[in-house]
Each structure stands twice: as structure tokens, then as C-alpha cells.
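Colleague: Can you keep this structure in mind? I'll have questions shortly.
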Amino acid sequence: MRGVSMLLHVLLALPSLLASVPPHGTPPAPCRRCCDDLDPAEGSADQTDTAGLNQGPQVRTYINMTILKGDQGPRGDRGTPGKAGSEGPPGSTGPAGPQGTKGEAGHPGDPCKTHESAFSVGRRRALHSLELHQALAFDTVFVNLHRHFDAAHGRFRCRVPGVYFFNVNVHTWNFKETHLHVMLNAAERAILYAQPGGRSVMQSQSLMLELQLADEVWLRLYKRERETAVYSDDGDVYITFNGFLVKASNE
């Protein structure tokens, strides 16, 4: 029975074996290795006519590159900034904000920044020149805006640069010479003079001066060979000195 089954097995496989045998006269197909090119170069000796032969499917290699991707590297240095672009059009005006709170009051301003300056002072005591030069002081103040005049030393100190008008009035003394200078700092600017005589008179002098900041204007009694004096008494004011700002420099 075993021999019969083997014979039947051979008989059944015989048709498939006969179908795989090439026809008579067909040259044998060349052997190929897996590493050979699939098709021989055109015109080469290895190229043979394979028409009519059963060919198997072509095998193409595919590599999945995602499995070959390495880890992400460190971040590189920041590049240099590019050129600035052109300026865009101005935007529309935004809505007004809420009103702020009222600020604190500032410090009082400096009186020297005002455009006002004036003084009028008098002297009730006579004065005899005991020295070559003697400054006149004043004991009566009529007007002294912003305290620009120092009555104790008889000096007006400029706090507002500009053009000023000054006036001096004195009473001469009988038989005594009157020699008075209007001084700007240490320089003489005008003189009031009266010769000695038997009759006393009122003498006056006026002038305008352009003053800079901190300039000083004052009166000086000047003694020469003769005695020099100006008259006054405690009851009346015979000697007056006046001045006021005509025009400030920054107006």
C-alpha cells in the first residue's frame, strides 16, 4: 500500500514538473545573484533574449530614514539683527486720559526775577566830611520795593538788570563847600557841586544808568582843601536819594 501511495504522488506532481521545463531549443537562463543588477547593460554579452520566460518580481530596497534620525542638537547662537524696516504711518490719536490730581504748591519765587525795582530814602542828619571819601547812609525809608536798597550802608544793589533813573537832592551849608559824587560800584558817574556862600540852597542831580546784576549805586561825600558838608536837621528831611527801574534788560 505504501508503494501505491508514493506512485500516486509522483503521478500527481508530474504535470507541474513538465510545465516548468522550457521548450526544446530554448537556451538556458543565466544564473543571477542577489547582488547583480536586475538587467544587464544594453549591448553587453550578458544580455540575452528573455522573452517568453517567466520573470519574478523586482526587489527594491527601502530604507526608513526616520529610524536613522539622531537626537536634536543644541540651539545655535542668535544671528545679527537685520536692517530696520521703513517707518510705518502714524497711528490715530488715542483717547484722552483721566485728569491727574492737583500738584503741590511750589516754593516762593525769587524776588530778583521780578521786573519791579524802586526806592526813595532820606536823611535827617547833617554830614561833615571828616575823611577824603565818606559814604552817605540814610535813616528814613519812603519806598523800598523788594528791599533792593540797603539804607544802613546807603547802597542800592541791582537785582533786576536794566536801565534805571536816579535822583539826588541835598541842602548846602552856609560858607561850606558841597561836593557829592553819584557812584557806580567804585567809579564816579556824576557830581553835585556847590561853592561856599553866605546863603544855603537846594541842589539836585539826576541821571540814568544801565545796570548789570549785582551792580551798586551809592553817594559819596568828597573832601578837598575846604570843608565839605550837607545840611539837614532832625525835624525835616533835606537830603533825598531816589531810583527806579525804567526798563528791564530781558523785556
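In the C-alpha cells, chains take the letters A, B, ... in the order shown, each chain's residues start at 1, and ligands count up from 1 in the order shown.
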Please build the interface table for segment 182-251 of chain A against segment 136-152 of chain A with a cut-off of 9 Å, listing for each qualifying residue the nearest atom pair and the distance in Å to one decimal; count only C-alpha atoms, order rows by chain and increasing number, and write it as a Markdown table.
Modeller:
| residue | atom | partner | partner_atom | distance |
| --- | --- | --- | --- | --- |
| A:Trp218 | CA | A:Leu136 | CA | 7.7 |
| A:Leu219 | CA | A:Leu136 | CA | 5.7 |
| A:Arg220 | CA | A:Leu136 | CA | 6.0 |
| A:Leu221 | CA | A:Leu136 | CA | 7.0 |
| A:Val237 | CA | A:Thr140 | CA | 8.5 |
| A:Ile239 | CA | A:Phe138 | CA | 8.8 |
| A:Thr240 | CA | A:Phe138 | CA | 8.6 |
| A:Phe241 | CA | A:Phe138 | CA | 8.8 |
| A:Asn242 | CA | A:Val143 | CA | 8.9 |
Colleague: Please identify the strand (DSSP E or B) residues within segment 88-173 of chain A (assignment by DSSP from backbone atoms) and present them as a PDB file with N, CA, C and O atoms, in the first residue's frame.
Modeller:
ATOM      1  N   ALA A 118      12.367 149.821  42.876  1.00  0.00           N
ATOM      2  CA  ALA A 118      12.265 151.255  43.135  1.00  0.00           C
ATOM      3  C   ALA A 118      12.592 151.521  44.595  1.00  0.00           C
ATOM      4  O   ALA A 118      12.355 150.671  45.464  1.00  0.00           O
ATOM      5  N   PHE A 119      13.137 152.706  44.860  1.00  0.00           N
ATOM      6  CA  PHE A 119      13.415 153.098  46.240  1.00  0.00           C
ATOM      7  C   PHE A 119      13.374 154.625  46.348  1.00  0.00           C
ATOM      8  O   PHE A 119      13.581 155.343  45.348  1.00  0.00           O
ATOM      9  N   SER A 120      13.100 155.090  47.537  1.00  0.00           N
ATOM     10  CA  SER A 120      13.159 156.523  47.869  1.00  0.00           C
ATOM     11  C   SER A 120      13.488 156.624  49.349  1.00  0.00           C
ATOM     12  O   SER A 120      12.719 156.148  50.197  1.00  0.00           O
ATOM     13  N   VAL A 121      14.643 157.214  49.661  1.00  0.00           N
ATOM     14  CA  VAL A 121      15.117 157.288  51.044  1.00  0.00           C
ATOM     15  C   VAL A 121      15.532 158.730  51.370  1.00  0.00           C
ATOM     16  O   VAL A 121      15.754 159.549  50.464  1.00  0.00           O
ATOM     17  N   GLY A 122      15.614 159.035  52.668  1.00  0.00           N
ATOM     18  CA  GLY A 122      16.001 160.384  53.106  1.00  0.00           C
ATOM     19  C   GLY A 122      16.955 160.333  54.288  1.00  0.00           C
ATOM     20  O   GLY A 122      17.132 159.280  54.930  1.00  0.00           O
ATOM     21  N   ARG A 123      17.569 161.489  54.558  1.00  0.00           N
ATOM     22  CA  ARG A 123      18.498 161.618  55.683  1.00  0.00           C
ATOM     23  C   ARG A 123      18.111 162.871  56.466  1.00  0.00           C
ATOM     24  O   ARG A 123      18.014 163.974  55.917  1.00  0.00           O
ATOM     25  N   LEU A 127      25.832 166.174  57.564  1.00  0.00           N
ATOM     26  CA  LEU A 127      27.041 165.373  57.466  1.00  0.00           C
ATOM     27  C   LEU A 127      28.208 166.265  57.064  1.00  0.00           C
ATOM     28  O   LEU A 127      28.142 166.986  56.073  1.00  0.00           O
ATOM     29  N   HIS A 128      29.281 166.234  57.884  1.00  0.00           N
ATOM     30  CA  HIS A 128      30.528 166.939  57.581  1.00  0.00           C
ATOM     31  C   HIS A 128      31.549 165.885  57.138  1.00  0.00           C
ATOM     32  O   HIS A 128      31.638 164.807  57.724  1.00  0.00           O
ATOM     33  N   HIS A 133      36.923 160.500  51.473  1.00  0.00           N
ATOM     34  CA  HIS A 133      35.681 159.975  50.912  1.00  0.00           C
ATOM     35  C   HIS A 133      34.818 159.468  52.064  1.00  0.00           C
ATOM     36  O   HIS A 133      35.308 158.787  52.962  1.00  0.00           O
ATOM     37  N   GLN A 134      33.553 159.799  52.022  1.00  0.00           N
ATOM     38  CA  GLN A 134      32.639 159.361  53.072  1.00  0.00           C
ATOM     39  C   GLN A 134      31.289 159.037  52.446  1.00  0.00           C
ATOM     40  O   GLN A 134      30.678 159.891  51.785  1.00  0.00           O
ATOM     41  N   ALA A 135      30.805 157.772  52.628  1.00  0.00           N
ATOM     42  CA  ALA A 135      29.531 157.333  52.049  1.00  0.00           C
ATOM     43  C   ALA A 135      28.374 157.881  52.865  1.00  0.00           C
ATOM     44  O   ALA A 135      28.450 158.019  54.093  1.00  0.00           O
ATOM     45  N   THR A 140      15.791 157.328  56.876  1.00  0.00           N
ATOM     46  CA  THR A 140      14.360 157.391  56.581  1.00  0.00           C
ATOM     47  C   THR A 140      14.096 156.674  55.261  1.00  0.00           C
ATOM     48  O   THR A 140      14.753 156.966  54.255  1.00  0.00           O
ATOM     49  N   VAL A 141      13.150 155.750  55.265  1.00  0.00           N
ATOM     50  CA  VAL A 141      12.806 154.980  54.061  1.00  0.00           C
ATOM     51  C   VAL A 141      11.372 155.308  53.682  1.00  0.00           C
ATOM     52  O   VAL A 141      10.446 155.093  54.471  1.00  0.00           O
ATOM     53  N   PHE A 142      11.185 155.806  52.480  1.00  0.00           N
ATOM     54  CA  PHE A 142       9.847 156.094  51.963  1.00  0.00           C
ATOM     55  C   PHE A 142       9.328 154.911  51.130  1.00  0.00           C
ATOM     56  O   PHE A 142       8.187 154.473  51.302  1.00  0.00           O
ATOM     57  N   VAL A 143      10.157 154.419  50.233  1.00  0.00           N
ATOM     58  CA  VAL A 143       9.804 153.282  49.380  1.00  0.00           C
ATOM     59  C   VAL A 143      11.051 152.408  49.241  1.00  0.00           C
ATOM     60  O   VAL A 143      12.159 152.931  49.040  1.00  0.00           O
ATOM     61  N   ASN A 144      10.857 151.096  49.341  1.00  0.00           N
ATOM     62  CA  ASN A 144      11.971 150.166  49.140  1.00  0.00           C
ATOM     63  C   ASN A 144      11.397 148.826  48.652  1.00  0.00           C
ATOM     64  O   ASN A 144      11.295 147.858  49.405  1.00  0.00           O
ATOM     65  N   PHE A 149      17.324 148.225  48.367  1.00  0.00           N
ATOM     66  CA  PHE A 149      18.188 149.294  48.885  1.00  0.00           C
ATOM     67  C   PHE A 149      18.577 148.986  50.326  1.00  0.00           C
ATOM     68  O   PHE A 149      17.731 148.669  51.172  1.00  0.00           O
ATOM     69  N   ASP A 150      19.880 149.085  50.600  1.00  0.00           N
ATOM     70  CA  ASP A 150      20.417 148.893  51.953  1.00  0.00           C
ATOM     71  C   ASP A 150      20.612 150.271  52.571  1.00  0.00           C
ATOM     72  O   ASP A 150      21.609 150.960  52.314  1.00  0.00           O
ATOM     73  N   ARG A 155      23.411 151.943  50.020  1.00  0.00           N
ATOM     74  CA  ARG A 155      23.715 151.360  48.705  1.00  0.00           C
ATOM     75  C   ARG A 155      22.488 150.679  48.101  1.00  0.00           C
ATOM     76  O   ARG A 155      21.787 149.922  48.777  1.00  0.00           O
ATOM     77  N   PHE A 156      22.268 150.975  46.813  1.00  0.00           N
ATOM     78  CA  PHE A 156      21.258 150.258  46.041  1.00  0.00           C
ATOM     79  C   PHE A 156      21.966 149.146  45.287  1.00  0.00           C
ATOM     80  O   PHE A 156      22.929 149.391  44.551  1.00  0.00           O
ATOM     81  N   ARG A 157      21.477 147.914  45.457  1.00  0.00           N
ATOM     82  CA  ARG A 157      22.080 146.746  44.796  1.00  0.00           C
ATOM     83  C   ARG A 157      21.127 146.249  43.726  1.00  0.00           C
ATOM     84  O   ARG A 157      19.969 145.924  44.009  1.00  0.00           O
ATOM     85  N   GLY A 162      18.934 146.217  33.985  1.00  0.00           N
ATOM     86  CA  GLY A 162      18.184 147.082  33.085  1.00  0.00           C
ATOM     87  C   GLY A 162      18.618 148.525  33.216  1.00  0.00           C
ATOM     88  O   GLY A 162      19.678 148.841  33.760  1.00  0.00           O
ATOM     89  N   VAL A 163      17.761 149.418  32.716  1.00  0.00           N
ATOM     90  CA  VAL A 163      18.024 150.862  32.738  1.00  0.00           C
ATOM     91  C   VAL A 163      17.286 151.471  33.930  1.00  0.00           C
ATOM     92  O   VAL A 163      16.083 151.228  34.119  1.00  0.00           O
ATOM     93  N   TYR A 164      18.014 152.282  34.730  1.00  0.00           N
ATOM     94  CA  TYR A 164      17.464 152.900  35.935  1.00  0.00           C
ATOM     95  C   TYR A 164      17.600 154.422  35.871  1.00  0.00           C
ATOM     96  O   TYR A 164      18.541 154.955  35.249  1.00  0.00           O
ATOM     97  N   PHE A 165      16.676 155.075  36.547  1.00  0.00           N
ATOM     98  CA  PHE A 165      16.744 156.527  36.728  1.00  0.00           C
ATOM     99  C   PHE A 165      17.042 156.819  38.200  1.00  0.00           C
ATOM    100  O   PHE A 165      16.424 156.241  39.099  1.00  0.00           O
ATOM    101  N   PHE A 166      18.012 157.739  38.442  1.00  0.00           N
ATOM    102  CA  PHE A 166      18.400 158.111  39.807  1.00  0.00           C
ATOM    103  C   PHE A 166      18.329 159.620  39.956  1.00  0.00           C
ATOM    104  O   PHE A 166      18.621 160.380  39.012  1.00  0.00           O
ATOM    105  N   ASN A 167      17.971 160.057  41.192  1.00  0.00           N
ATOM    106  CA  ASN A 167      17.859 161.483  41.503  1.00  0.00           C
ATOM    107  C   ASN A 167      18.386 161.731  42.917  1.00  0.00           C
ATOM    108  O   ASN A 167      18.113 160.949  43.833  1.00  0.00           O
ATOM    109  N   VAL A 168      19.143 162.826  43.076  1.00  0.00           N
ATOM    110  CA  VAL A 168      19.724 163.203  44.368  1.00  0.00           C
ATOM    111  C   VAL A 168      19.337 164.655  44.671  1.00  0.00           C
ATOM    112  O   VAL A 168      19.457 165.532  43.791  1.00  0.00           O
ATOM    113  N   ASN A 169      18.901 164.917  45.903  1.00  0.00           N
ATOM    114  CA  ASN A 169      18.598 166.272  46.363  1.00  0.00           C
ATOM    115  C   ASN A 169      19.304 166.507  47.694  1.00  0.00           C
ATOM    116  O   ASN A 169      19.180 165.690  48.622  1.00  0.00           O
ATOM    117  N   VAL A 170      20.036 167.620  47.803  1.00  0.00           N
ATOM    118  CA  VAL A 170      20.729 167.969  49.049  1.00  0.00           C
ATOM    119  C   VAL A 170      20.531 169.463  49.334  1.00  0.00           C
ATOM    120  O   VAL A 170      20.163 170.241  48.439  1.00  0.00           O
ATOM    121  N   HIS A 171      20.816 169.826  50.574  1.00  0.00           N
ATOM    122  CA  HIS A 171      20.771 171.232  51.003  1.00  0.00           C
ATOM    123  C   HIS A 171      22.193 171.627  51.395  1.00  0.00           C
ATOM    124  O   HIS A 171      22.820 170.962  52.198  1.00  0.00           O
TER     125      HIS A 171
END
Colleague: Could you tell me which of A:Tyr231, A:Glu216, A:Gly97, A:Gly76 comes closest to Asn185 of chain A if we count only C-alpha atoms?
Modeller: A:Glu216
Colleague: I'd like the neighbourhood of segment 189-197 of chain A as a VMD selection string, where a residue qualifies if any of its atoms comes within 9 Å (using only C-alpha atoms), though same-chain residues fewer than 3 positions away should be ignored.
Modeller: chain A and resid 168 170 172 to 184 200 to 201 203 to 207 209
Colleague: Produce a file of the selected residues containing N, CA, C and O atoms, as a PDB file, in the first residue's frame.
Modeller:
ATOM      1  N   VAL A 168      19.143 162.826  43.076  1.00  0.00           N
ATOM      2  CA  VAL A 168      19.724 163.203  44.368  1.00  0.00           C
ATOM      3  C   VAL A 168      19.337 164.655  44.671  1.00  0.00           C
ATOM      4  O   VAL A 168      19.457 165.532  43.791  1.00  0.00           O
ATOM      5  N   VAL A 170      20.036 167.620  47.803  1.00  0.00           N
ATOM      6  CA  VAL A 170      20.729 167.969  49.049  1.00  0.00           C
ATOM      7  C   VAL A 170      20.531 169.463  49.334  1.00  0.00           C
ATOM      8  O   VAL A 170      20.163 170.241  48.439  1.00  0.00           O
ATOM      9  N   THR A 172      22.667 172.728  50.787  1.00  0.00           N
ATOM     10  CA  THR A 172      24.041 173.159  51.086  1.00  0.00           C
ATOM     11  C   THR A 172      24.099 173.831  52.455  1.00  0.00           C
ATOM     12  O   THR A 172      23.081 174.217  53.037  1.00  0.00           O
ATOM     13  N   TRP A 173      25.347 173.955  52.921  1.00  0.00           N
ATOM     14  CA  TRP A 173      25.596 174.574  54.234  1.00  0.00           C
ATOM     15  C   TRP A 173      26.282 175.922  53.993  1.00  0.00           C
ATOM     16  O   TRP A 173      27.167 176.031  53.162  1.00  0.00           O
ATOM     17  N   ASN A 174      25.865 176.935  54.804  1.00  0.00           N
ATOM     18  CA  ASN A 174      26.437 178.266  54.641  1.00  0.00           C
ATOM     19  C   ASN A 174      27.956 178.234  54.802  1.00  0.00           C
ATOM     20  O   ASN A 174      28.487 177.629  55.747  1.00  0.00           O
ATOM     21  N   PHE A 175      28.625 178.878  53.836  1.00  0.00           N
ATOM     22  CA  PHE A 175      30.072 179.059  53.848  1.00  0.00           C
ATOM     23  C   PHE A 175      30.855 177.733  53.781  1.00  0.00           C
ATOM     24  O   PHE A 175      32.042 177.722  54.090  1.00  0.00           O
ATOM     25  N   LYS A 176      30.169 176.698  53.378  1.00  0.00           N
ATOM     26  CA  LYS A 176      30.861 175.404  53.232  1.00  0.00           C
ATOM     27  C   LYS A 176      30.626 174.868  51.823  1.00  0.00           C
ATOM     28  O   LYS A 176      29.562 175.074  51.227  1.00  0.00           O
ATOM     29  N   GLU A 177      31.612 174.199  51.335  1.00  0.00           N
ATOM     30  CA  GLU A 177      31.538 173.621  50.004  1.00  0.00           C
ATOM     31  C   GLU A 177      30.704 172.333  50.031  1.00  0.00           C
ATOM     32  O   GLU A 177      30.754 171.580  51.006  1.00  0.00           O
ATOM     33  N   THR A 178      29.965 172.103  48.958  1.00  0.00           N
ATOM     34  CA  THR A 178      29.216 170.848  48.790  1.00  0.00           C
ATOM     35  C   THR A 178      29.771 170.135  47.566  1.00  0.00           C
ATOM     36  O   THR A 178      29.721 170.674  46.458  1.00  0.00           O
ATOM     37  N   HIS A 179      30.297 168.927  47.817  1.00  0.00           N
ATOM     38  CA  HIS A 179      30.927 168.158  46.730  1.00  0.00           C
ATOM     39  C   HIS A 179      30.506 166.703  46.908  1.00  0.00           C
ATOM     40  O   HIS A 179      31.001 165.999  47.784  1.00  0.00           O
ATOM     41  N   LEU A 180      29.593 166.276  46.039  1.00  0.00           N
ATOM     42  CA  LEU A 180      28.983 164.950  46.191  1.00  0.00           C
ATOM     43  C   LEU A 180      29.092 164.186  44.873  1.00  0.00           C
ATOM     44  O   LEU A 180      28.857 164.745  43.800  1.00  0.00           O
ATOM     45  N   HIS A 181      29.437 162.879  44.942  1.00  0.00           N
ATOM     46  CA  HIS A 181      29.541 162.029  43.748  1.00  0.00           C
ATOM     47  C   HIS A 181      28.431 160.978  43.759  1.00  0.00           C
ATOM     48  O   HIS A 181      28.119 160.391  44.807  1.00  0.00           O
ATOM     49  N   VAL A 182      27.851 160.731  42.583  1.00  0.00           N
ATOM     50  CA  VAL A 182      26.982 159.562  42.380  1.00  0.00           C
ATOM     51  C   VAL A 182      27.895 158.448  41.862  1.00  0.00           C
ATOM     52  O   VAL A 182      28.505 158.593  40.792  1.00  0.00           O
ATOM     53  N   MET A 183      27.978 157.353  42.616  1.00  0.00           N
ATOM     54  CA  MET A 183      28.942 156.283  42.333  1.00  0.00           C
ATOM     55  C   MET A 183      28.245 155.046  41.760  1.00  0.00           C
ATOM     56  O   MET A 183      27.142 154.679  42.189  1.00  0.00           O
ATOM     57  N   LEU A 184      28.895 154.439  40.772  1.00  0.00           N
ATOM     58  CA  LEU A 184      28.501 153.121  40.280  1.00  0.00           C
ATOM     59  C   LEU A 184      29.645 152.176  40.603  1.00  0.00           C
ATOM     60  O   LEU A 184      30.715 152.255  39.989  1.00  0.00           O
ATOM     61  N   SER A 200      22.435 179.312  51.960  1.00  0.00           N
ATOM     62  CA  SER A 200      22.273 177.883  51.652  1.00  0.00           C
ATOM     63  C   SER A 200      21.156 177.701  50.633  1.00  0.00           C
ATOM     64  O   SER A 200      20.149 178.425  50.669  1.00  0.00           O
ATOM     65  N   VAL A 201      21.326 176.707  49.734  1.00  0.00           N
ATOM     66  CA  VAL A 201      20.354 176.461  48.660  1.00  0.00           C
ATOM     67  C   VAL A 201      20.158 174.951  48.509  1.00  0.00           C
ATOM     68  O   VAL A 201      20.975 174.142  48.954  1.00  0.00           O
ATOM     69  N   GLN A 203      20.230 171.758  46.070  1.00  0.00           N
ATOM     70  CA  GLN A 203      20.918 171.340  44.860  1.00  0.00           C
ATOM     71  C   GLN A 203      20.387 169.958  44.444  1.00  0.00           C
ATOM     72  O   GLN A 203      20.031 169.132  45.288  1.00  0.00           O
ATOM     73  N   SER A 204      20.331 169.728  43.117  1.00  0.00           N
ATOM     74  CA  SER A 204      19.784 168.468  42.618  1.00  0.00           C
ATOM     75  C   SER A 204      20.641 167.946  41.470  1.00  0.00           C
ATOM     76  O   SER A 204      21.263 168.726  40.739  1.00  0.00           O
ATOM     77  N   GLN A 205      20.660 166.628  41.339  1.00  0.00           N
ATOM     78  CA  GLN A 205      21.353 165.954  40.242  1.00  0.00           C
ATOM     79  C   GLN A 205      20.554 164.715  39.850  1.00  0.00           C
ATOM     80  O   GLN A 205      20.044 163.977  40.716  1.00  0.00           O
ATOM     81  N   SER A 206      20.435 164.464  38.519  1.00  0.00           N
ATOM     82  CA  SER A 206      19.704 163.297  38.021  1.00  0.00           C
ATOM     83  C   SER A 206      20.492 162.652  36.891  1.00  0.00           C
ATOM     84  O   SER A 206      21.214 163.331  36.159  1.00  0.00           O
ATOM     85  N   LEU A 207      20.322 161.361  36.748  1.00  0.00           N
ATOM     86  CA  LEU A 207      20.963 160.639  35.645  1.00  0.00           C
ATOM     87  C   LEU A 207      20.299 159.272  35.486  1.00  0.00           C
ATOM     88  O   LEU A 207      19.594 158.803  36.388  1.00  0.00           O
ATOM     89  N   LEU A 209      21.282 155.199  34.424  1.00  0.00           N
ATOM     90  CA  LEU A 209      22.386 154.248  34.340  1.00  0.00           C
ATOM     91  C   LEU A 209      21.846 152.883  33.899  1.00  0.00           C
ATOM     92  O   LEU A 209      20.754 152.482  34.324  1.00  0.00           O
TER      93      LEU A 209
END
Colleague: Any idea what the distance is between atom CA of Glu210 of chain A and atom CA of Ser249 of chain A?
Modeller: 9.0 Å
Colleague: Please measure the separation of atom CA of Lys223 of chain A and atom CA of Arg199 of chain A, giving the value in Å to one decimal.
Modeller: 20.3 Å
Colleague: How many Å separate atom CA of Arg224 of chain A from atom CA of Tyr238 of chain A?
Modeller: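 For atom CA of Arg224 of chain A relative to atom CA of Tyr238 of chain A, the distance reads 22.9 Å.
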Colleague: Let's see if you can do this: from backbone DSSP, list all helix (DSSP H, G or I) residues in segment 96-155 of chain A, as number ranges by chain.
Modeller: A: 111-113, 145-147
